[in-house]
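S.K.: Starting off with a structure, shown below.
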Amino acid sequence: MKNLPKLDAKEVSTRQIEVFRMVMRLGSANRAAAALHVSQPAVTQLLQQLELRSQLTLFDRPKGRLVPTPEAHALMEEIERVYEGLEAVQRKIVALQSLEDQVLRIGSLHALAASIMPGVLADFQRHYPRTRCLLMVDSSKALREALFQGAVDLAFLGDEADTSGLVSSAFYELPAVCAVPAAHPLARKAVLELADLRDAPLIGLSATDPAQQRLEILFAAAGITPRFVIETPYSATQCALVLAGAGLAVTNLLVAAEHAPLGLCSVPLAGEGLFFRALLAFKPRQAQSRAVQEFVALCRRRLAG
């Protein structure tokens, strides 16, 4: 084959490579033809085309047998490396489809971590047991920085958060409730007015919390001086203190609902302007993985249910 005209090796086709590989693995054109569901002459023709286009003698043909040359063995080694890579790609595709061996990093406000997040994470793990989840619970400011630094894939922020430079949207806006012990007289009321809380010892959120600020504005507009006896940054702590008998609390509906089995009642408040809001945020120009999309969908379903 030394006198053959030079041809571009790029003309070698994947079908020729496939046939060559099967012949090398099975040892004959007949067995390769059976494995590939083609005729033996078709296999022979494709091998000849491969030799012609590669300018290589890949087989000696004593008495019609195919005997691989050293060049054939060298080419086969390279082809097997390529096929191993393709198989690795296929395995990776399957793993990505089932979210295997991935890490999902979630940033969450304390209120969500103390309410819907445990159930959502449990659901997610049941569906995708090979995905490892990391839950970061912190302030909106810290979670915002974590997004920019790539420490979390998504974050649930409070409505006080600075979302400039982020892709954000409303996750929920829910009316506030008054958390009272089940045995408290106010627990029997269908709806509470702010005036009902005029003389009650109250457990408030931090002064910087937007929900707390809205509550104090409404008290002032109603001419009521509330009696806050304890301040805490967390709705879950408010609820625990109410159950301990320390006072009443205007708090997050989601968090209060988690304490209902312990004897906490959530009584609606009359009027508008008392609500809790959370935002869902992502780093800009960052594609959302399938794991992130599935997790957010579970969060929304848990919130709706």
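Each chain of the structure tokens is named A, B, ... in the order shown, its residues numbered from 1; ligands are numbered from 1 in display order.
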So that I can check the surroundings of Thr69 of chain A, please list as a PDB file with N, CA and C atoms, in the first residue's frame every protein, DNA and RNA residue that reaches within 12 Å of it, counting only C-alpha atoms and ignoring chain neighbours fewer than 5 positions away.
M.R.:
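out_25.pdb, freshly written:
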ATOM      1  N   MET A  24     -11.101  -6.480  15.540  1.00  0.00           N
ATOM      2  CA  MET A  24      -9.976  -6.662  16.459  1.00  0.00           C
ATOM      3  C   MET A  24     -10.420  -7.380  17.731  1.00  0.00           C
ATOM      4  N   GLU A  51      -8.130   1.181   5.515  1.00  0.00           N
ATOM      5  CA  GLU A  51      -6.714   1.086   5.173  1.00  0.00           C
ATOM      6  C   GLU A  51      -6.349   2.083   4.074  1.00  0.00           C
ATOM      7  N   LEU A  56      -2.521   3.028   5.881  1.00  0.00           N
ATOM      8  CA  LEU A  56      -1.894   2.046   6.763  1.00  0.00           C
ATOM      9  C   LEU A  56      -2.286   0.636   6.329  1.00  0.00           C
ATOM     10  N   THR A  57      -1.340  -0.292   6.469  1.00  0.00           N
ATOM     11  CA  THR A  57      -1.663  -1.704   6.324  1.00  0.00           C
ATOM     12  C   THR A  57      -2.013  -2.227   7.707  1.00  0.00           C
ATOM     13  N   LEU A  58      -3.273  -2.476   7.908  1.00  0.00           N
ATOM     14  CA  LEU A  58      -3.747  -2.861   9.238  1.00  0.00           C
ATOM     15  C   LEU A  58      -3.859  -4.375   9.396  1.00  0.00           C
ATOM     16  N   PHE A  59      -3.981  -5.086   8.287  1.00  0.00           N
ATOM     17  CA  PHE A  59      -4.110  -6.545   8.361  1.00  0.00           C
ATOM     18  C   PHE A  59      -3.282  -7.207   7.257  1.00  0.00           C
ATOM     19  N   ASP A  60      -2.589  -8.252   7.647  1.00  0.00           N
ATOM     20  CA  ASP A  60      -2.074  -9.188   6.654  1.00  0.00           C
ATOM     21  C   ASP A  60      -3.176 -10.187   6.388  1.00  0.00           C
ATOM     22  N   ARG A  61      -3.178 -10.755   5.164  1.00  0.00           N
ATOM     23  CA  ARG A  61      -4.301 -11.617   4.788  1.00  0.00           C
ATOM     24  C   ARG A  61      -3.818 -12.970   4.234  1.00  0.00           C
ATOM     25  N   ALA A  74      -1.501  -0.834  17.565  1.00  0.00           N
ATOM     26  CA  ALA A  74      -1.281   0.519  18.090  1.00  0.00           C
ATOM     27  C   ALA A  74      -2.534   1.373  17.929  1.00  0.00           C
ATOM     28  N   LEU A  75      -3.179   1.248  16.761  1.00  0.00           N
ATOM     29  CA  LEU A  75      -4.410   2.007  16.533  1.00  0.00           C
ATOM     30  C   LEU A  75      -5.518   1.547  17.475  1.00  0.00           C
ATOM     31  N   MET A  76      -5.594   0.239  17.716  1.00  0.00           N
ATOM     32  CA  MET A  76      -6.616  -0.304  18.592  1.00  0.00           C
ATOM     33  C   MET A  76      -6.482   0.237  20.013  1.00  0.00           C
TER      34      MET A  76
END
S.K.: Restricting the calculation to only C-alpha atoms: of A:Val229, A:Cys239, A:Leu109, A:Ala221, which residue gets closest to Ala260 of chain A?
M.R.: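 Result for the nearest residue to Ala260 of chain A: A:Cys239.
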S.K.: With only C-alpha atoms as the atoms that count, which of A:Arg15, A:Arg214, A:Arg105, A:His37 lies nearest to Leu143 of chain A?
M.R.: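 Ranking A:Arg15, A:Arg214, A:Arg105, A:His37 by distance to Leu143 of chain A, first place goes to A:Arg105.
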S.K.: Per DSSP on the backbone, filter segment 30-235 of chain A down to the residues in strand (DSSP E or B) and report them as a VMD selection string.
M.R.: chain A and resid 59 to 60 67 to 68 103 to 108 132 to 137 154 to 158 167 to 175 177 to 181 192 201 to 205 227 to 232
S.K.: Which residue is closest to Arg290 of chain A? Choose from A:Leu194, A:Leu104, A:Ala249, A:Ile230 and count only C-alpha atoms.
M.R.: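 Under the stated criterion, the closest residue is A:Leu104.
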S.K.: Could you check the closest approach to Arg126 of chain A for each of A:Leu298, A:Glu84, A:Glu272, A:Asp138 and tell me which residue wins, using only C-alpha atoms?
M.R.: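 Counting only C-alpha atoms, the residue closest to Arg126 of chain A is A:Leu298.
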S.K.: Pick out the closest residue to Ala211 of chain A from this set: A:Ala176, A:Ala29, A:Ala257, A:Val137. Count only C-alpha atoms.
M.R.: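 When distances to Ala211 of chain A are compared using only C-alpha atoms, the smallest one comes from A:Ala176.
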S.K.: When you look at Ala187 of chain A with a cut-off of 9 Å (counting only C-alpha atoms), what residues show up, excluding the ones that are within fewer than 3 positions of it in the same chain? I need them as a list in words.
M.R.: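 Near Ala187 of chain A, the qualifying residues are Ala179, Val180, Pro181, Ala182, Ala183, His184, Ala190, Leu264, Cys265, Ser266 and Val267 of chain A.
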S.K.: So that I can see what lies close to Ile116 of chain A, please list as a list in words the residues with an atom at most 10 Å from it, counting only C-alpha atoms and leaving out residues fewer than 6 positions away in the same chain.
M.R.: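 What passes the distance filter is Leu254, Val255, Ala257, Glu258, Cys299, Arg300, Arg302 and Leu303 of chain A.
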S.K.: Can you pull out every residue within 12 Å of Ala220 of chain A, counting only C-alpha atoms, but drop anything in the same chain fewer than 5 positions away, and send it as a list in words?
M.R.: Leu194, Ala195, Arg198, Gln213, Arg214, Leu215, Thr225 and Pro226 of chain A
S.K.: Would you put the residues from that selection into a file with N, CA, C and O atoms, as a compact mmCIF listing (two decimals), in the first residue's frame?
M.R.:
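Output saved as part12.txt:
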# COMPACT_ATOMS: atom_id res chain seq x y z
N LEU A 194 -55.38 44.32 67.11
CA LEU A 194 -54.19 44.81 67.81
C LEU A 194 -54.55 45.24 69.23
O LEU A 194 -53.74 45.09 70.16
N ALA A 195 -55.77 45.74 69.40
CA ALA A 195 -56.19 46.18 70.74
C ALA A 195 -56.22 45.03 71.73
O ALA A 195 -56.05 45.23 72.94
N ARG A 198 -53.01 44.94 73.70
CA ARG A 198 -52.58 46.18 74.34
C ARG A 198 -51.81 45.94 75.64
O ARG A 198 -50.75 46.52 75.86
N GLN A 213 -40.81 45.97 62.37
CA GLN A 213 -40.99 47.40 62.10
C GLN A 213 -42.41 47.68 61.63
O GLN A 213 -43.03 48.68 62.04
N ARG A 214 -42.94 46.81 60.76
CA ARG A 214 -44.32 47.00 60.30
C ARG A 214 -45.30 46.89 61.47
O ARG A 214 -46.28 47.65 61.56
N LEU A 215 -45.04 45.94 62.38
CA LEU A 215 -45.92 45.77 63.54
C LEU A 215 -45.91 47.01 64.42
O LEU A 215 -46.98 47.49 64.85
N THR A 225 -49.49 51.52 72.84
CA THR A 225 -48.10 51.34 73.25
C THR A 225 -47.91 49.89 73.66
O THR A 225 -48.35 49.47 74.74
N PRO A 226 -47.27 49.09 72.81
CA PRO A 226 -47.14 47.66 73.12
C PRO A 226 -46.14 47.42 74.25
O PRO A 226 -45.24 48.24 74.48
